[in-house]
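Engineer: Contents of coords.cif (mmCIF, C-alpha atoms) are given next:
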data_run
#
loop_
_atom_site.group_PDB
_atom_site.id
_atom_site.type_symbol
_atom_site.label_atom_id
_atom_site.label_comp_id
_atom_site.auth_asym_id
_atom_site.auth_seq_id
_atom_site.Cartn_x
_atom_site.Cartn_y
_atom_site.Cartn_z
ATOM 1 C CA MET K 1 10.981 -79.522 63.787
ATOM 2 C CA LYS K 2 9.362 -77.657 66.621
ATOM 3 C CA TYR K 3 9.312 -79.208 70.085
ATOM 4 C CA ARG K 4 5.557 -78.729 70.276
ATOM 5 C CA LEU K 5 5.085 -81.218 67.425
ATOM 6 C CA MET K 6 5.921 -83.927 69.971
ATOM 7 C CA ASP K 7 2.512 -83.219 71.532
ATOM 8 C CA LEU K 8 0.960 -84.695 68.363
ATOM 9 C CA LEU K 9 3.361 -87.415 67.220
ATOM 10 C CA ALA K 10 2.841 -91.079 68.007
ATOM 11 C CA CYS K 11 4.564 -94.112 66.527
ATOM 12 C CA PRO K 12 2.902 -94.755 63.158
ATOM 13 C CA ILE K 13 3.322 -98.511 63.613
ATOM 14 C CA CYS K 14 2.201 -99.257 67.185
ATOM 15 C CA LYS K 15 0.609 -95.864 68.089
ATOM 16 C CA HIS K 16 2.715 -95.468 71.269
ATOM 17 C CA PHE K 17 2.799 -91.943 72.756
ATOM 18 C CA PRO K 18 4.924 -90.052 73.589
ATOM 19 C CA LEU K 19 7.989 -90.808 71.560
ATOM 20 C CA ARG K 20 11.406 -90.214 73.114
ATOM 21 C CA LEU K 21 13.243 -87.314 71.502
ATOM 22 C CA TYR K 22 17.019 -87.091 71.096
ATOM 23 C CA VAL K 23 18.249 -83.727 69.822
ATOM 24 C CA PHE K 24 21.607 -83.638 68.028
ATOM 25 C CA SER K 25 21.494 -80.066 66.735
ATOM 26 C CA GLU K 26 19.067 -77.182 66.917
ATOM 27 C CA ASN K 27 18.724 -73.574 65.857
ATOM 28 C CA ARG K 28 17.612 -70.762 68.081
ATOM 29 C CA VAL K 29 15.247 -68.216 66.520
ATOM 30 C CA GLU K 30 15.223 -65.151 68.766
ATOM 31 C CA LYS K 31 12.561 -63.321 66.752
ATOM 32 C CA ARG K 32 9.818 -65.741 67.737
ATOM 33 C CA SER K 33 7.582 -64.829 70.632
ATOM 34 C CA LEU K 34 4.081 -65.561 71.814
ATOM 35 C CA THR K 35 1.360 -63.078 71.015
ATOM 36 C CA SER K 36 -1.308 -61.978 73.456
ATOM 37 C CA GLU K 37 -3.786 -64.249 71.611
ATOM 38 C CA ASP K 38 -1.693 -67.373 72.211
ATOM 39 C CA LYS K 39 -2.936 -69.414 75.117
ATOM 40 C CA LYS K 40 -0.451 -71.212 77.320
ATOM 41 C CA PRO K 41 0.450 -73.977 77.333
ATOM 42 C CA LEU K 42 0.665 -74.435 73.573
ATOM 43 C CA CYS K 43 1.013 -78.193 74.026
ATOM 44 C CA GLU K 44 -2.084 -79.927 75.358
ATOM 45 C CA ILE K 45 -0.733 -83.247 76.636
ATOM 46 C CA TYR K 46 3.061 -83.482 76.504
ATOM 47 C CA CYS K 47 5.839 -80.869 76.790
ATOM 48 C CA ALA K 48 8.896 -82.241 74.966
ATOM 49 C CA PHE K 49 10.932 -79.188 75.939
ATOM 50 C CA LYS K 50 10.588 -80.208 79.613
ATOM 51 C CA VAL K 51 10.195 -83.956 78.833
ATOM 52 C CA SER K 52 7.029 -84.157 80.904
ATOM 53 C CA TYR K 53 3.301 -84.468 80.644
ATOM 54 C CA ILE K 54 1.655 -81.055 81.060
ATOM 55 C CA LYS K 55 -0.393 -82.296 84.034
ATOM 56 C CA ASP K 56 2.819 -83.338 85.826
ATOM 57 C CA LEU K 57 4.601 -79.998 85.536
ATOM 58 C CA ASN K 58 4.791 -78.108 88.818
ATOM 59 C CA VAL K 59 5.285 -74.808 87.022
ATOM 60 C CA GLU K 60 3.860 -73.198 83.903
ATOM 61 C CA PRO K 61 5.475 -74.676 80.766
ATOM 62 C CA PRO K 62 8.242 -72.504 79.253
ATOM 63 C CA CYS K 63 6.348 -71.917 75.984
ATOM 64 C CA ASP K 64 8.027 -68.512 75.481
ATOM 65 C CA GLU K 65 11.413 -70.231 75.419
ATOM 66 C CA CYS K 66 10.328 -73.416 73.635
ATOM 67 C CA ILE K 67 9.044 -71.698 70.494
ATOM 68 C CA LYS K 68 12.494 -70.183 69.924
ATOM 69 C CA HIS K 69 14.070 -73.624 69.353
ATOM 70 C CA GLU K 70 14.006 -75.547 66.078
ATOM 71 C CA ILE K 71 15.349 -79.122 66.013
ATOM 72 C CA VAL K 72 17.585 -79.529 62.957
ATOM 73 C CA GLU K 73 18.937 -83.058 63.474
ATOM 74 C CA GLY K 74 17.726 -85.646 65.927
ATOM 75 C CA LEU K 75 16.012 -88.948 66.465
ATOM 76 C CA LEU K 76 12.566 -90.081 67.603
ATOM 77 C CA PHE K 77 12.385 -93.410 69.408
ATOM 78 C CA CYS K 78 9.371 -95.569 70.223
ATOM 79 C CA GLU K 79 10.005 -97.341 73.519
ATOM 80 C CA SER K 80 7.163 -99.768 72.793
ATOM 81 C CA CYS K 81 8.280 -101.307 69.477
ATOM 82 C CA ASN K 82 11.934 -100.108 69.398
ATOM 83 C CA ARG K 83 11.449 -98.241 66.119
ATOM 84 C CA TRP K 84 13.475 -95.126 65.537
ATOM 85 C CA TYR K 85 12.884 -92.306 63.113
ATOM 86 C CA PRO K 86 15.496 -89.752 62.037
ATOM 87 C CA ILE K 87 14.942 -86.001 62.057
ATOM 88 C CA ILE K 88 16.898 -84.607 59.111
ATOM 89 C CA ASP K 89 16.926 -80.957 58.055
ATOM 90 C CA GLU K 90 14.138 -80.179 60.567
ATOM 91 C CA ILE K 91 11.833 -82.894 59.149
ATOM 92 C CA PRO K 92 10.869 -86.055 61.082
ATOM 93 C CA ARG K 93 11.025 -88.975 58.644
ATOM 94 C CA MET K 94 8.357 -91.320 60.001
ATOM 95 C CA LEU K 95 7.926 -93.790 57.164
ATOM 96 C CA PRO K 96 6.737 -97.411 57.418
ATOM 97 C CA ASP K 97 9.580 -99.948 57.447
ATOM 98 C CA LYS K 98 9.094 -101.071 53.847
ATOM 99 C CA LEU K 99 9.416 -97.493 52.544
ATOM 100 C CA ARG K 100 12.590 -96.657 54.453
ATOM 101 C CA ASN K 101 15.977 -96.551 52.760
ATOM 102 C CA GLU K 102 18.342 -98.870 54.627
ATOM 103 C CA GLU K 103 21.490 -97.242 53.231
ATOM 104 C CA GLU K 104 20.374 -93.740 54.282
ATOM 105 C CA ASP K 105 19.243 -94.923 57.716
ATOM 106 C CA LEU K 106 22.529 -96.734 58.401
ATOM 107 C CA LYS K 107 24.453 -93.660 57.270
ATOM 108 C CA PHE K 108 22.424 -91.588 59.767
ATOM 109 C CA LEU K 109 23.145 -94.086 62.590
ATOM 110 C CA ASN K 110 26.864 -94.023 61.813
ATOM 111 C CA LYS K 111 26.951 -90.227 61.653
ATOM 112 C CA TYR K 112 25.418 -89.861 65.133
ATOM 113 C CA LYS K 113 26.559 -93.119 66.768
ATOM 114 C CA ASP K 114 28.265 -91.181 69.579
ATOM 115 C CA LYS K 115 24.976 -89.438 70.457
ATOM 116 C CA ILE K 116 22.526 -92.326 69.972
ATOM 117 C CA PRO K 117 21.945 -94.682 72.933
ATOM 118 C CA LYS K 118 23.522 -98.112 72.497
ATOM 119 C CA GLU K 119 20.132 -99.851 72.792
ATOM 120 C CA ILE K 120 18.955 -98.098 69.606
ATOM 121 C CA LEU K 121 22.207 -98.746 67.746
ATOM 122 C CA THR K 122 22.130 -102.467 68.546
ATOM 123 C CA ASN K 123 18.403 -103.284 68.878
ATOM 124 C CA GLY K 124 16.604 -100.535 66.941
ATOM 125 C CA VAL K 125 14.030 -101.371 64.297
ATOM 126 C CA PRO K 126 14.022 -101.553 61.315
ATOM 127 C CA PHE K 127 17.809 -101.099 60.972
ATOM 128 C CA ARG K 128 20.701 -101.271 63.410
ATOM 129 C CA LEU K 129 24.468 -101.159 63.336
ATOM 130 C CA LYS K 130 26.166 -104.541 63.307
#
If you convert what's in this file into C-alpha cells, what do you get?
Structural biologist:
Amino acid sequence: MKYRLMDLLACPICKHFPLRLYVFSENRVEKRSLTSEDKKPLCEIYCAFKVSYIKDLNVEPPCDECIKHEIVEGLLFCESCNRWYPIIDEIPRMLPDKLRNEEEDLKFLNKYKDKIPKEILTNGVPFRLK
C-alpha cells in the first residue's frame, strides 16, 4: 500500500478521516521518482508519510521520498469507532464487520501484538485479544 492512499481512505463504517496508520514492514523501491508532470504535493489533504495535514506542514511534503515506500504489513485504526483494519501483503483489508474472518484477524493481532498499541489489542473492534 502506498502512503498516499491514506489521503483517500476513511473508515467505511463511521466515515472518520484520517485513519491512524501503523507500519510493521515496508519495502523501499529506489527506481520510483516523480516526473516533471507530477505536481507536488501528490496528496491533497493528508500526508501520512509526515503524519500531518498538508495545510499544517511548514515545509514542502517529501513526495520524492514518500513514493519510494510501499507498506507491506501494517494496521489502520479509526480513532472514532475503534475499528482496526489489517494491511496484509500491501493490501488494506477494510471489510464490514460481518464479512471479516475472526480467526484470521486474531491471528494477525497475535502476530503483531508487540507492535500494536494495547488499546487496539484490548478494545479494538470487531475483534480483540482476550
Engineer: Where does the PyMOL selection byres ((chain K and resi 100-109) around 12) land in this file, that is, which residues does it pick, as number ranges by chain?
Structural biologist: K: 24, 73-75, 83-88, 93-99, 110-118, 120-122, 124-130
Engineer: Have a look at K:His16, K:Lys2, K:Lys31, K:Lys40 and name the one nearest to K:Glu60; count only C-alpha atoms.
Structural biologist: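 Distance minimum relative to K:Glu60 lands on K:Lys40.
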Engineer: Rounded to one decimal, what separation in Å do you get between atom CA of K:Glu44 and atom CA of K:Lys68?
Structural biologist: 18.4 Å
Engineer: What's around K:Val51 at 12 Å? Count only C-alpha atoms, leave out sequence neighbours fewer than 6 positions away in its own chain, and write the answer as a VMD selection string.
Structural biologist: chain K and resid 3 to 4 6 to 7 18 to 22 43 45 57 61 to 62 66
Engineer: Which residues, written as a PyMOL selection string, have at least one atom at most 12 Å from K:His69, with all atoms listed in the file counted and residues fewer than 2 positions away on the same chain left out?
Structural biologist: chain K and resi 1-5+23+25-33+48-49+62-67+71-72+90
Engineer: Selection from above, C-alpha atoms, as an mmCIF file, in the frame of the given file, can you write it?
Structural biologist:
data_model
loop_
_atom_site.group_PDB
_atom_site.id
_atom_site.type_symbol
_atom_site.label_atom_id
_atom_site.label_comp_id
_atom_site.auth_asym_id
_atom_site.auth_seq_id
_atom_site.Cartn_x
_atom_site.Cartn_y
_atom_site.Cartn_z
ATOM 1 C CA MET K 1 10.981 -79.522 63.787
ATOM 2 C CA LYS K 2 9.362 -77.657 66.621
ATOM 3 C CA TYR K 3 9.312 -79.208 70.085
ATOM 4 C CA ARG K 4 5.557 -78.729 70.276
ATOM 5 C CA LEU K 5 5.085 -81.218 67.425
ATOM 6 C CA VAL K 23 18.249 -83.727 69.822
ATOM 7 C CA SER K 25 21.494 -80.066 66.735
ATOM 8 C CA GLU K 26 19.067 -77.182 66.917
ATOM 9 C CA ASN K 27 18.724 -73.574 65.857
ATOM 10 C CA ARG K 28 17.612 -70.762 68.081
ATOM 11 C CA VAL K 29 15.247 -68.216 66.520
ATOM 12 C CA GLU K 30 15.223 -65.151 68.766
ATOM 13 C CA LYS K 31 12.561 -63.321 66.752
ATOM 14 C CA ARG K 32 9.818 -65.741 67.737
ATOM 15 C CA SER K 33 7.582 -64.829 70.632
ATOM 16 C CA ALA K 48 8.896 -82.241 74.966
ATOM 17 C CA PHE K 49 10.932 -79.188 75.939
ATOM 18 C CA PRO K 62 8.242 -72.504 79.253
ATOM 19 C CA CYS K 63 6.348 -71.917 75.984
ATOM 20 C CA ASP K 64 8.027 -68.512 75.481
ATOM 21 C CA GLU K 65 11.413 -70.231 75.419
ATOM 22 C CA CYS K 66 10.328 -73.416 73.635
ATOM 23 C CA ILE K 67 9.044 -71.698 70.494
ATOM 24 C CA ILE K 71 15.349 -79.122 66.013
ATOM 25 C CA VAL K 72 17.585 -79.529 62.957
ATOM 26 C CA GLU K 90 14.138 -80.179 60.567
#
Engineer: Can you tell me how far atom CA of K:Val59 sits from atom CA of K:Lys15, in Å to one decimal?
Structural biologist: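 Straight-line distance from atom CA of K:Val59 to atom CA of K:Lys15 works out to 28.7 Å.
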Engineer: Which value, in Å to one decimal, gives the distance between atom CA of K:Thr35 and atom CA of K:Asp56?
Structural biologist: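 So the answer is 25.1 Å.
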Engineer: Mind rebuilding stretch 27-38 of chain K with all heavy atoms and writing that out as a compact mmCIF listing (two decimals), in the coordinates of the input?
Structural biologist:
# COMPACT_ATOMS: atom_id res chain seq x y z
N ASN K 27 18.54 -75.00 66.09
CA ASN K 27 18.72 -73.57 65.86
C ASN K 27 17.88 -72.81 66.86
O ASN K 27 16.82 -73.28 67.27
CB ASN K 27 18.28 -73.18 64.44
CG ASN K 27 19.27 -73.62 63.38
OD1 ASN K 27 20.46 -73.74 63.63
ND2 ASN K 27 18.76 -73.88 62.20
N ARG K 28 18.37 -71.65 67.20
CA ARG K 28 17.61 -70.76 68.08
C ARG K 28 17.15 -69.58 67.24
O ARG K 28 17.94 -68.92 66.58
CB ARG K 28 18.49 -70.31 69.25
CG ARG K 28 17.74 -69.53 70.28
CD ARG K 28 18.57 -69.38 71.55
NE ARG K 28 17.99 -68.41 72.43
CZ ARG K 28 17.00 -68.67 73.28
NH1 ARG K 28 16.52 -69.88 73.36
NH2 ARG K 28 16.52 -67.72 74.05
N VAL K 29 15.85 -69.30 67.28
CA VAL K 29 15.25 -68.22 66.52
C VAL K 29 14.73 -67.18 67.51
O VAL K 29 13.64 -67.31 68.06
CB VAL K 29 14.09 -68.73 65.62
CG1 VAL K 29 13.54 -67.61 64.77
CG2 VAL K 29 14.57 -69.89 64.76
N GLU K 30 15.54 -66.16 67.75
CA GLU K 30 15.22 -65.15 68.77
C GLU K 30 13.97 -64.34 68.43
O GLU K 30 13.29 -63.85 69.32
CB GLU K 30 16.40 -64.20 68.96
CG GLU K 30 17.59 -64.84 69.63
CD GLU K 30 17.35 -65.26 71.07
OE1 GLU K 30 16.46 -64.70 71.74
OE2 GLU K 30 18.04 -66.18 71.52
N LYS K 31 13.67 -64.18 67.16
CA LYS K 31 12.56 -63.32 66.75
C LYS K 31 11.19 -63.86 67.16
O LYS K 31 10.23 -63.12 67.22
CB LYS K 31 12.57 -63.12 65.23
CG LYS K 31 13.80 -62.42 64.71
CD LYS K 31 13.72 -62.33 63.20
CE LYS K 31 15.11 -62.15 62.63
NZ LYS K 31 15.13 -62.35 61.19
N ARG K 32 11.11 -65.15 67.40
CA ARG K 32 9.82 -65.74 67.74
C ARG K 32 9.41 -65.39 69.15
O ARG K 32 10.19 -65.45 70.08
CB ARG K 32 9.87 -67.26 67.62
CG ARG K 32 9.93 -67.74 66.22
CD ARG K 32 9.77 -69.25 66.20
NE ARG K 32 10.03 -69.73 64.86
CZ ARG K 32 10.61 -70.87 64.58
NH1 ARG K 32 10.97 -71.69 65.54
NH2 ARG K 32 10.82 -71.24 63.34
N SER K 33 8.13 -65.06 69.29
CA SER K 33 7.58 -64.83 70.63
C SER K 33 6.08 -65.07 70.59
O SER K 33 5.45 -65.02 69.52
CB SER K 33 7.89 -63.42 71.12
OG SER K 33 7.28 -62.48 70.26
N LEU K 34 5.51 -65.34 71.73
CA LEU K 34 4.08 -65.56 71.81
C LEU K 34 3.35 -64.23 71.71
O LEU K 34 3.82 -63.20 72.19
CB LEU K 34 3.73 -66.23 73.14
CG LEU K 34 4.26 -67.64 73.34
CD1 LEU K 34 3.91 -68.13 74.73
CD2 LEU K 34 3.70 -68.58 72.30
N THR K 35 2.19 -64.28 71.08
CA THR K 35 1.36 -63.08 71.02
C THR K 35 0.36 -63.12 72.16
O THR K 35 0.18 -64.15 72.83
CB THR K 35 0.60 -63.01 69.68
OG1 THR K 35 -0.32 -64.10 69.60
CG2 THR K 35 1.57 -63.08 68.49
N SER K 36 -0.32 -62.03 72.37
CA SER K 36 -1.31 -61.98 73.46
C SER K 36 -2.49 -62.92 73.20
O SER K 36 -3.17 -63.32 74.12
CB SER K 36 -1.80 -60.55 73.65
OG SER K 36 -2.37 -60.07 72.44
N GLU K 37 -2.70 -63.32 71.94
CA GLU K 37 -3.79 -64.25 71.61
C GLU K 37 -3.43 -65.71 71.88
O GLU K 37 -4.30 -66.56 71.96
CB GLU K 37 -4.20 -64.13 70.13
CG GLU K 37 -4.85 -62.81 69.77
CD GLU K 37 -3.82 -61.77 69.34
OE1 GLU K 37 -2.86 -62.12 68.65
OE2 GLU K 37 -3.97 -60.61 69.75
N ASP K 38 -2.13 -65.99 71.97
CA ASP K 38 -1.69 -67.37 72.21
C ASP K 38 -2.01 -67.76 73.64
O ASP K 38 -1.70 -67.05 74.58
CB ASP K 38 -0.18 -67.52 71.99
CG ASP K 38 0.21 -67.36 70.53
OD1 ASP K 38 -0.56 -67.81 69.67
OD2 ASP K 38 1.28 -66.79 70.28
